[in-house]
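See below for the structure under consideration.
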Amino acid sequence: MSPTQQEISAEIAAQAAPTSGALHPERRYPPYRSSLLRHPSQPVVALEDPDAVELSGPVFGVTDVTELDADLTRQHHGEPLGERITVTGRVLDRNGRPVRGQLVEIWQANASGRYAHQRDQHPAPLDPNFTGVGRCLTDDEGGYAFTTIKPGAYPWRNHTNAWRPAHIHFSLFGTAFAQRLVTQMYFPGDPLFAYDPILRSVTDDAARQRLVAAYDHELSVPEWSLGYRWDVVLDGPAATWTEEGR
Amino acid sequence: MLPTPSQTVGPFYGYALPFPDGGVVAPAGHPAAIVLHGRVLDGDGAPIPDALLEFWQAAPDGGREGRPGSLRRDHTTGGYAGRDGLSFTGFGRVATDADGSWTLHTLAPPAETPYLAVCVFARGLLHHLFTRVYLPDARPDDVLRRIPVERRSTLFAQEERPGLFGFDIRLQGAPHEETVFLDLA
Ligand SMILES: [Fe+3]
């Protein structure tokens with residue numbers, strides 16, 4: 001039997017830790033059912049190796065991206081349906097230093113909440129003018145920018161009547177392989193936030209807020225697009241930053 | 001500054017992150033190329049068909065500077081562009097197949113750092129996991145020495161025939177079965 005939203009919401013409430021200071025989700029988060037068999041049961045071993053290969057990382061350059069890759073509305077002959085948006089921000093390390101020249105990749109559903117992916121069979125229309133994949137390199141200030149359309153919410157099968165809030169998937173590289181991050185950006189004020197076990201797996205309220213972009217009217221372009229700003233701070237590696245309390 | 005939390009890669013990254021021949025890191029025709037392969041398994045021992053693995057390693061000469069050109073997709077042909085087929089980029093990305101399997105063609109890392117760093121992403125995994133693949137003849141380093149002996153073998157590839165190495169990643173299991181994962185943050 002698929003759990004009801006009420007049952008999942010009760011589990012989410014039981015797991016809530018609004019001021020725990022937890023920075024990332026626990027890998028075991030029962031309200032997200034798929035986590036149950038896919039989290040380690042043994043403790044993760046802290047790596048303290050100043051010569052670790054993980055303190056260096058892959059490099060990217062002009063041969064990895066093209067200018068067109070950052071505009072998801074221009075990858076086909078026609079215009080995609082939906083609300084045109086720009087999403088921009090900076091990628092920083094935990095010391096606040098810009099992460100320069102690194103690859104940012106995004107993927108997302110179309111305006112109807114449908115992915116251009118064979119395994120997404122939810123009965124919402126595909127858009128022949130929208131694939132939903134973008135990439136760019138960060139600039140000297142760590143800045144990135146994408147033009148895209150606002151993705152729709154979509155259903156999934158974690159429980160009965162499960163809906164994901166609208167989100168854009170982000171993949172980011174730092175200067176060290178240990179800084180690797182894959183995450184999701186959400187849109188402010190989404191009414192689905194409270195119901196979503198994936199977002200709520202980040203149990204600390206302030207940490208969860210860091211996944212939500214800000215609407216920025218200064219970024220909106222007249223007669224063209226709405227602007228959202230979202231900065232990303234990459235975690236780790238332990239050996240390259242010093243901060244109180246760590 | 002406090003980090004942006006991780007979120008699962010989800011089930012639908014398949015048309016965005018993997019790229020053709022993402023597991024072919026060794027320059028074409030290189031005489032010292034090796035092949036690593038294995039499966040990604042869950043707590044029931046069942047294959048995980050929607051995991052994504054990334055590999056990063058030193059070049060055989062010890063270099064860790066990498067090379068650009070790992071990751072450009074050619075929109076016209078669906079193939080890849082940007083890699084010259086000669087340089088060693090040090091970086092590979094492979095999605096698991098329907099049976100949870102993956103394959104990486106690469107060059108053996110140097111004796112000083114005889115391992116490949118691995119980052120594991122999957123639907124159901126809310127925060128990626130790091131591990132390492134050590135080649136069978138690697139001498140125990142400081143990291144291996146910190147790991148209980150009965151769990152250490154989970155970090156070693158098995159040579160199946162010359163140049164071909166097997167390595168399964170088990171996300172959950174008994175202490176001697178579950179892959180040792182490393183916290184780098
Ligand atoms: Fe999604």
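All residue names refer to the structure tokens as shown: chains lettered A, B, ... in order, residues numbered from 1 in each chain, ligands numbered from 1 in order.
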Test item, alpha helix (DSSP H) assignment across chain B, answer as a VMD selection string: chain B and resid 142 to 145 149 to 152
Export of prior selection with all heavy atoms as a compact mmCIF listing (two decimals), in the first residue's frame:
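part.txt written:
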# COMPACT_ATOMS: atom_id res chain seq x y z
N ASP B 142 47.90 5.71 4.39
CA ASP B 142 47.32 6.17 5.66
C ASP B 142 45.81 5.99 5.71
O ASP B 142 45.24 5.71 6.75
CB ASP B 142 47.66 7.66 5.88
CG ASP B 142 49.12 7.84 6.26
OD1 ASP B 142 49.79 6.83 6.57
OD2 ASP B 142 49.59 8.99 6.24
N VAL B 143 45.18 6.17 4.56
CA VAL B 143 43.72 6.04 4.53
C VAL B 143 43.32 4.58 4.76
O VAL B 143 42.47 4.27 5.60
CB VAL B 143 43.17 6.58 3.19
CG1 VAL B 143 41.69 6.29 3.07
CG2 VAL B 143 43.45 8.08 3.08
N LEU B 144 43.97 3.67 4.04
CA LEU B 144 43.64 2.25 4.20
C LEU B 144 43.93 1.76 5.62
O LEU B 144 43.18 0.97 6.19
CB LEU B 144 44.42 1.41 3.19
CG LEU B 144 44.00 1.56 1.73
CD1 LEU B 144 44.95 0.79 0.83
CD2 LEU B 144 42.57 1.06 1.54
N ARG B 145 45.02 2.26 6.19
CA ARG B 145 45.39 1.81 7.53
C ARG B 145 44.35 2.20 8.59
O ARG B 145 44.25 1.56 9.63
CB ARG B 145 46.77 2.36 7.92
CG ARG B 145 47.91 1.46 7.42
CD ARG B 145 49.25 1.87 8.01
NE ARG B 145 49.75 3.10 7.42
CZ ARG B 145 50.56 3.14 6.35
NH1 ARG B 145 50.96 2.03 5.79
NH2 ARG B 145 50.95 4.30 5.87
N VAL B 149 40.50 -3.97 9.07
CA VAL B 149 41.01 -4.90 8.05
C VAL B 149 39.89 -5.62 7.32
O VAL B 149 39.94 -5.77 6.10
CB VAL B 149 41.95 -5.93 8.72
CG1 VAL B 149 42.41 -6.98 7.71
CG2 VAL B 149 43.16 -5.22 9.32
N GLU B 150 38.82 -5.99 8.05
CA GLU B 150 37.76 -6.78 7.41
C GLU B 150 36.96 -5.95 6.41
O GLU B 150 36.25 -6.50 5.59
CB GLU B 150 36.85 -7.42 8.47
CG GLU B 150 35.93 -6.46 9.21
CD GLU B 150 36.59 -5.78 10.42
OE1 GLU B 150 37.83 -5.88 10.55
OE2 GLU B 150 35.86 -5.16 11.21
N ARG B 151 37.07 -4.63 6.48
CA ARG B 151 36.34 -3.79 5.53
C ARG B 151 37.24 -3.29 4.41
O ARG B 151 36.76 -2.77 3.40
CB ARG B 151 35.73 -2.58 6.26
CG ARG B 151 34.75 -2.97 7.37
CD ARG B 151 33.80 -1.83 7.67
NE ARG B 151 32.99 -1.52 6.50
CZ ARG B 151 32.47 -0.34 6.23
NH1 ARG B 151 32.70 0.66 7.05
NH2 ARG B 151 31.76 -0.14 5.15
N ARG B 152 38.56 -3.39 4.59
CA ARG B 152 39.50 -2.80 3.64
C ARG B 152 39.35 -3.37 2.23
O ARG B 152 39.52 -2.69 1.24
CB ARG B 152 40.91 -3.08 4.13
CG ARG B 152 41.80 -1.89 4.15
CD ARG B 152 43.15 -2.28 4.70
NE ARG B 152 43.30 -1.85 6.09
CZ ARG B 152 44.38 -2.13 6.83
NH1 ARG B 152 45.36 -2.86 6.33
NH2 ARG B 152 44.45 -1.70 8.06
Within 10 Å of ligand 1, counting only C-alpha atoms and all ligand atoms, residues as a ChimeraX atom specification: /A:107-109,113-115,151-156,164-169,184-185 /B:8-13
Chain B contacts on chain A, only C-alpha atoms, 6 Å, as an MDAnalysis selection string: chainID A and resid 23:24 27 34:35 37:41 44:47 58:61 63:65 94 133 178 182:184 210 232:238
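Compared by their closest atoms to His77 in chain A, and using only C-alpha atoms, the residues A:Glu105, A:Asp49, A:Asp127, A:Asp120 rank with A:Asp127 nearest.
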Non-local contacts of Gln158 in chain B (8 Å; only C-alpha atoms; under 6 positions in same chain excluded) as a PyMOL selection string: chain B and resi 135-136+165-167
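Ranking B:Asp168, B:His105, B:Gly85, B:Ala157 by their shortest atom-to-atom distance to Ala32 in chain B, with only C-alpha atoms included, puts B:His105 first.
For the atom pair formed by CA of Thr103 in chain B and CA of Phe19 in chain B, the distance is 13.5 Å, given to one decimal.
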Length of the CA of Pro60 in chain B to CA of Asp51 in chain A vector [Å]: 16.0 Å
From B:Ile34, B:Ala59, B:Leu53, B:Val120, residue lying nearest Phe88 in chain B [only C-alpha atoms]: B:Ala59
All strand (DSSP E) positions in chain B, as a ChimeraX atom specification: /B:33-41,51-56,72-73,80-81,91-95,101-107,115-122,129-134,158-161,164-166,169-170,182-183
From A:Gly89, A:Asn95, A:Thr4, A:Cys136, residue lying nearest Tyr215 in chain A [only C-alpha atoms]: A:Gly89
12 Å contact set for Ala70 in chain A, only C-alpha atoms, chain neighbours under 2 positions out, as a PyMOL selection string: chain A and resi 65-68+72-75+86-88+103-107+132-138+144-148
Using N, CA and C atoms, can you export the residues from the last selection as a short mmCIF file (atom, residue, chain, number, x, y, z; two decimals), in the first residue's frame?
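The resulting out22.cif:
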data_model
loop_
_atom_site.label_atom_id
_atom_site.label_comp_id
_atom_site.auth_asym_id
_atom_site.auth_seq_id
_atom_site.Cartn_x
_atom_site.Cartn_y
_atom_site.Cartn_z
N VAL A 65 32.15 23.62 -23.29
CA VAL A 65 30.83 24.25 -23.42
C VAL A 65 30.82 25.16 -24.63
N THR A 66 29.62 25.47 -25.10
CA THR A 66 29.46 26.51 -26.11
C THR A 66 28.55 27.58 -25.52
N GLU A 67 28.60 28.76 -26.10
CA GLU A 67 27.77 29.87 -25.62
C GLU A 67 26.29 29.47 -25.58
N LEU A 68 25.86 28.74 -26.56
CA LEU A 68 24.44 28.39 -26.69
C LEU A 68 23.97 27.50 -25.55
N LEU A 72 18.55 27.81 -22.62
CA LEU A 72 17.75 26.62 -22.87
C LEU A 72 16.55 26.91 -23.76
N THR A 73 16.33 28.21 -24.05
CA THR A 73 15.19 28.57 -24.90
C THR A 73 15.59 28.65 -26.37
N ARG A 74 16.87 28.42 -26.66
CA ARG A 74 17.33 28.58 -28.04
C ARG A 74 17.95 27.31 -28.59
N GLN A 75 17.56 26.19 -28.05
CA GLN A 75 18.18 24.94 -28.49
C GLN A 75 17.36 24.24 -29.58
N THR A 86 15.37 34.11 -16.15
CA THR A 86 16.82 34.00 -16.06
C THR A 86 17.15 33.59 -14.64
N VAL A 87 18.13 32.72 -14.52
CA VAL A 87 18.60 32.27 -13.21
C VAL A 87 20.08 32.56 -13.16
N THR A 88 20.48 33.35 -12.17
CA THR A 88 21.89 33.72 -12.10
C THR A 88 22.33 33.76 -10.64
N LEU A 103 32.54 24.10 -14.14
CA LEU A 103 31.35 23.72 -14.89
C LEU A 103 30.10 23.71 -14.01
N VAL A 104 29.05 24.37 -14.51
CA VAL A 104 27.73 24.30 -13.88
C VAL A 104 26.80 23.65 -14.90
N GLU A 105 26.12 22.61 -14.50
CA GLU A 105 25.17 21.92 -15.39
C GLU A 105 23.79 21.95 -14.74
N ILE A 106 22.77 22.15 -15.56
CA ILE A 106 21.40 22.10 -15.04
C ILE A 106 20.54 21.20 -15.92
N TRP A 107 19.50 20.65 -15.30
CA TRP A 107 18.47 19.95 -16.08
C TRP A 107 17.15 20.13 -15.35
N GLY A 132 15.61 21.06 -21.90
CA GLY A 132 15.78 21.24 -20.46
C GLY A 132 17.15 20.91 -19.93
N VAL A 133 18.18 21.05 -20.77
CA VAL A 133 19.56 20.81 -20.34
C VAL A 133 20.39 22.04 -20.64
N GLY A 134 21.16 22.50 -19.65
CA GLY A 134 22.03 23.65 -19.89
C GLY A 134 23.35 23.48 -19.16
N ARG A 135 24.35 24.24 -19.61
CA ARG A 135 25.65 24.21 -18.95
C ARG A 135 26.39 25.51 -19.23
N CYS A 136 27.23 25.89 -18.30
CA CYS A 136 28.10 27.04 -18.52
C CYS A 136 29.31 26.92 -17.60
N LEU A 137 30.30 27.76 -17.87
CA LEU A 137 31.46 27.86 -16.99
C LEU A 137 31.29 29.11 -16.13
N THR A 138 31.70 29.05 -14.87
CA THR A 138 31.63 30.24 -14.03
C THR A 138 32.68 31.25 -14.49
N TYR A 144 27.43 32.58 -12.70
CA TYR A 144 26.84 31.75 -13.75
C TYR A 144 25.52 32.40 -14.14
N ALA A 145 24.99 32.09 -15.29
CA ALA A 145 23.69 32.61 -15.70
C ALA A 145 23.07 31.68 -16.73
N PHE A 146 21.78 31.44 -16.57
CA PHE A 146 21.03 30.63 -17.54
C PHE A 146 19.75 31.36 -17.93
N THR A 147 19.36 31.22 -19.16
CA THR A 147 18.03 31.61 -19.61
C THR A 147 17.25 30.33 -19.86
N THR A 148 16.07 30.26 -19.26
CA THR A 148 15.30 29.03 -19.40
C THR A 148 13.82 29.35 -19.22
#
